[in-house]
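Just below is one structure, and these are the notes that go with it.
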Amino acid sequence: MPSSGRHVTMLTEGTYPHVHGGVSTWCDQLVRGMPEVDFEILALTGSGREPVTWELPANVTRHTAFPLWGLPQGPAAPRLLARARRPLRGRARRRFLDAYERLLLSLLDPEAGCDFGTGLYELAELARRGQLTAALRSEAALRSLMWIWTMPHLPTLAARPTVHDALTATDLLEHALRPLAARIATDGVAHAVSSGLATLPALAAQHFEGVPFLLTEHGIYLRERYLGYRTEAQRWPVKALMLGFYRELNTLGYRKADLITPCNQYNRRWEERGGAPADRIRTVYNGVDPAAFPEAGPEPETPTLSWCGRVDPIKDLETLIRAYAICRAELPALRLRLFGPVPAGNEDYLTRLEKLAAELGVTDGVSFEGRVSEVPRAYAAGSVVMLSSISEGFPFSLIEAMSCGRATVSTDVGGVREAVGDTGIVVPPREPAVMAAAVSELLRDGARRAELGRRARQRVIDRFTLHRSVDGFRQIYRELAGERTTRRLDPKAWTVRLPAPLRAAPTLVAGGTPA
């Protein structure tokens with residue numbers, strides 16, 4: 001690969017180019033900001049049939065939607081499906097079970113000394129041959145999981161895991177591991193724009209072909225998995241397995257990435273605690289174009305709180321609506337305008353929010369306005385711009401609002417405090433009364449709102465411009481591409497060698513108990 005860093009495979013999960021806002025905005029900014037770089041996009045999606053919602057620029061040479069849950073598409077689909085159903089036999093079957101059992105132990109018993117990466121790369125070889133799905137869904141693999149779950153020293157034994165639990169966990173794990181089968185260009189840089197599943201193709205390409213691996217984190221993926229699994233319906237043994245998988249995958253990504261580029265210092269501290277070497281972390285802040293987000297001008301005549309983003313539980317709009325209701329009791333004319341789309345699957349969440357507004361008696365003052373084509377209008381619509389999330393990286397909606405010269409009230413998550421500095425009010429998450437007090441304080445003082453807005457825009461111009469952010473990644477691509485040209489790979493290092501078999505496979509008897 002030429003040392004100019006002119007070829008990049010961007011790996012996304014549930015975002016660009018199928019979803020608008022947040023990380024997708026950042027991806028599009030990066031791609032458009034480097035027209036001299038050829039980008040391939042490998043997007044992990046649900047079914048693989050999700051529409052492309054962004055107009056892809058000419059330097060995106062290829063886009064592939066890789067389904068985590070749908071069936072393979074295209075002319076090769078029948079062959080891939082036939083191979084996926086073919087069971088392993090003999091030594092190949094034994095080798096798989098050895099690797100799988102060690103991987104399971106690394107998830108459920110970190111003190112056992114089993115290396116997650118060794119097992120993962122062994123499974124990656126099977127995935128690349130199209131044989132992993134059949135292996136994971138075999139009865140022998142199910143028996144292995146039940147045996148490890150019910151080891152006397154593991155806490156999962158007390159939960160009395162069932163065969164149904166094992167089937168559920170196997171299904172979730174098999175779908176999560178599917179990206180190991182994705183092949184990416186070997187003549188460029190692999191750039192995973194989140195931790196987690198998007199790192200799987202990059203880890204495999206780095207291990208087998210020596211492709212440089214760049215990892216960028218916006219939100220903290222592992223933290224968001226823990227938050228999400230609190231409300232999942234699965235029983236505890238299933239959750240323990242899956243959270244163990246995300247924990248170990250997160251750690252491996254931190255350890256193996258050639259460079260990690262958090263978008264704020266908060267993420268950097270998390271990554272260092274997670275095992276990332278400090279000398280391979282470089283903070284690159286998100287940026288906006290101040291010309292595209294100009295000063296918003298006069299505030300609306302009616303006092304208004306505005307919010308912009310996707311309608312999603314992680315944005316904790318319940319807290320925002322509760323805070324609004326408190327403020328509304330003091331200032332009856334106050335309005336709350338919520339701008340942004342409702343992603344597929346979040347329709348029930350929107351219904352919950354509408355019911356909450358009705359229960360609090362503020363429906364007439366709350367409006368869900370959907371996606372807005374001219375985003376600066378959403379910020380101009382507010383006297384104060386709000387952010388109520390329980391998890392963020394370095395949120396675009398915040399620095400965009402700051403660029404528009406609006407005062408903000410935001411929750412103290414991720415890189416929010418780094419972004420705001422002394423130009424807005426930062427409050428604890430999930431505390432509507434504290435948020436309401438901050439809003440009331442600002443609404444009573446127009447001169448302070450104006451001064452905070454002026455300082456906020458200047459802070460963006462001084463620190464968080466799009467030009468600075470894109471230039472940072474341009475230089476990183478060149479560095480990693482240059483390292484690739486001088487790297488000497490040892491083919492022996494690509495071979496995974498496992499120790500002797502762990503034990504004989506148990507027999508599954510009635511009731512799901514290993515004999």
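FYI, nothing fancy with the structure tokens labels: chains A, B, ... in order, residues from 1 per chain, ligands from 1 as they appear.
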| query | Quick one: residues within 10 Å of Ala141 (chain A), only C-alpha atoms counted, chain neighbours fewer than 5 positions away excluded, as a PyMOL selection string? | reply | chain A and resi 93+96-97+100-101+134-136+146-147+166+170+505
| Residue set, region 16-130 of chain A restricted to helix (DSSP H, G or I), as an MDAnalysis selection string | chainID A and resid 23:33 77:84 90:108 110:112 116:128
| With only C-alpha atoms as the basis for distance, which of A:Ala456, A:Glu374, A:Phe368, A:Ala99 is at the shortest distance from Thr408 (chain A)? |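 Closest residue, counting only C-alpha atoms: A:Ala456.
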| Residue neighbourhood region 189-195 of chain A, 6 Å, only C-alpha atoms, exclusion window fewer than 5 positions, as a list in words |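 Answer for this query is Val8, Thr9, Met10, Leu11, Thr12, Ala202, Pro212, Phe213, Leu214, Leu215, Thr216, Glu217 and Tyr221 of chain A.
All residues of protein, DNA or RNA that reach within 10 Å of Thr302 (chain A), judged by only C-alpha atoms and not counting those fewer than 5 positions away in the chain, are A:Ala333, A:Leu334, A:Arg335, A:Ala381, A:Gly382, A:Ser383.
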May I have the selected residues written with all heavy atoms, as a PDB file, in the first residue's frame?
```
ATOM      1  N   ALA A 333     -45.759  29.482  29.948  1.00  0.00           N
ATOM      2  CA  ALA A 333     -45.607  29.695  28.498  1.00  0.00           C
ATOM      3  C   ALA A 333     -44.482  28.856  27.893  1.00  0.00           C
ATOM      4  O   ALA A 333     -44.366  28.761  26.664  1.00  0.00           O
ATOM      5  CB  ALA A 333     -45.341  31.171  28.226  1.00  0.00           C
ATOM      6  N   LEU A 334     -43.664  28.235  28.719  1.00  0.00           N
ATOM      7  CA  LEU A 334     -42.484  27.511  28.234  1.00  0.00           C
ATOM      8  C   LEU A 334     -42.872  26.339  27.338  1.00  0.00           C
ATOM      9  O   LEU A 334     -43.799  25.588  27.641  1.00  0.00           O
ATOM     10  CB  LEU A 334     -41.670  26.995  29.424  1.00  0.00           C
ATOM     11  CG  LEU A 334     -40.342  26.298  29.107  1.00  0.00           C
ATOM     12  CD1 LEU A 334     -39.356  27.265  28.466  1.00  0.00           C
ATOM     13  CD2 LEU A 334     -39.745  25.692  30.385  1.00  0.00           C
ATOM     14  N   ARG A 335     -42.131  26.161  26.232  1.00  0.00           N
ATOM     15  CA  ARG A 335     -42.342  25.045  25.307  1.00  0.00           C
ATOM     16  C   ARG A 335     -41.103  24.154  25.264  1.00  0.00           C
ATOM     17  O   ARG A 335     -39.993  24.604  25.566  1.00  0.00           O
ATOM     18  CB  ARG A 335     -42.636  25.558  23.895  1.00  0.00           C
ATOM     19  CG  ARG A 335     -43.944  26.327  23.748  1.00  0.00           C
ATOM     20  CD  ARG A 335     -44.204  26.624  22.276  1.00  0.00           C
ATOM     21  NE  ARG A 335     -44.312  25.383  21.508  1.00  0.00           N
ATOM     22  CZ  ARG A 335     -44.191  25.321  20.166  1.00  0.00           C
ATOM     23  NH1 ARG A 335     -43.941  26.411  19.472  1.00  0.00           N
ATOM     24  NH2 ARG A 335     -44.321  24.167  19.549  1.00  0.00           N
ATOM     25  N   ALA A 381     -34.331  27.346  17.339  1.00  0.00           N
ATOM     26  CA  ALA A 381     -35.693  27.296  17.888  1.00  0.00           C
ATOM     27  C   ALA A 381     -35.716  27.389  19.402  1.00  0.00           C
ATOM     28  O   ALA A 381     -36.784  27.575  19.985  1.00  0.00           O
ATOM     29  CB  ALA A 381     -36.380  26.005  17.438  1.00  0.00           C
ATOM     30  N   GLY A 382     -34.572  27.243  20.064  1.00  0.00           N
ATOM     31  CA  GLY A 382     -34.551  27.225  21.520  1.00  0.00           C
ATOM     32  C   GLY A 382     -33.957  28.472  22.143  1.00  0.00           C
ATOM     33  O   GLY A 382     -33.017  29.065  21.596  1.00  0.00           O
ATOM     34  N   SER A 383     -34.488  28.862  23.280  1.00  0.00           N
ATOM     35  CA  SER A 383     -33.827  29.866  24.122  1.00  0.00           C
ATOM     36  C   SER A 383     -32.618  29.210  24.792  1.00  0.00           C
ATOM     37  O   SER A 383     -31.579  29.846  25.001  1.00  0.00           O
ATOM     38  CB  SER A 383     -34.781  30.386  25.195  1.00  0.00           C
ATOM     39  OG  SER A 383     -36.055  30.693  24.664  1.00  0.00           O
TER      40      SER A 383
END
```
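Taking region 155-346 of chain A and asking which residues DSSP calls strand (DSSP E) on the backbone, you get Val189, Ala190, His191, Ala192, Phe213, Leu214, Leu215, Thr216, Glu217, Leu259, Ile260, Thr261, Pro262, Thr304, Leu305, Ser306, Trp307, Cys308, Arg335, Leu336, Arg337, Leu338 and Phe339 of chain A.
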| query | Which residues come within 8 Å of region 236-243 of chain A, counting only C-alpha atoms, excluding same-chain residues fewer than 3 positions away, as a list in words? | reply | Leu104, Leu107, Leu108, Trp149, Thr156, Ala159, Pro161, Asp165, Ala166, Thr168, Ala169, Leu172, Leu173, Arg225, Tyr226, Tyr229, Tyr246 and Arg247 of chain A
| Non-local contacts of region 21-32 of chain A (7 Å; only C-alpha atoms; under 3 positions in same chain excluded) as number ranges by chain | A: 15-17, 35, 57, 309, 395-396, 470
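Compared by their closest atoms to Ala205 (chain A), and using only C-alpha atoms, the residues A:Val366, A:Ala158, A:Leu222, A:Ala124 rank with A:Ala124 nearest.
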| said: Show me, as a list of chain:residue names, the residues that have an atom within 12 Å of Thr363 (chain A) when counting only C-alpha atoms, minus same-chain residues fewer than 4 positions from it. | reply: A:Ile321, A:Arg322, A:Tyr324, A:Ala325, A:Arg328, A:Arg335, A:Leu336, A:Arg337, A:Leu353, A:Glu354, A:Lys355, A:Leu356, A:Ala357, A:Ala358, A:Glu359, A:Ser367, A:Phe368
Return as a Markdown table the residues of region 277-356 of chain A lying at most 12 Å from region 443-452 of chain A, together with the closest atom-to-atom pair for each and the distance in Å to one decimal, counting only C-alpha atoms, with rows in chain order and ascending residue number.
```
| residue | atom | partner | partner_atom | distance |
| --- | --- | --- | --- | --- |
| A:Glu295 | CA | A:Ala450 | CA | 11.3 |
| A:Ala296 | CA | A:Ala450 | CA | 11.3 |
| A:Gly297 | CA | A:Ala450 | CA | 10.2 |
| A:Pro298 | CA | A:Ala450 | CA | 9.6 |
| A:Glu299 | CA | A:Ala450 | CA | 9.5 |
| A:Thr302 | CA | A:Leu443 | CA | 11.3 |
| A:Pro303 | CA | A:Leu443 | CA | 7.7 |
| A:Thr304 | CA | A:Leu443 | CA | 9.2 |
| A:Leu305 | CA | A:Leu443 | CA | 9.7 |
| A:Cys327 | CA | A:Leu443 | CA | 9.7 |
| A:Arg328 | CA | A:Leu443 | CA | 11.6 |
| A:Glu330 | CA | A:Leu443 | CA | 11.0 |
| A:Leu331 | CA | A:Leu443 | CA | 9.4 |
| A:Ala333 | CA | A:Leu443 | CA | 11.9 |
| A:Leu334 | CA | A:Leu443 | CA | 9.7 |
```
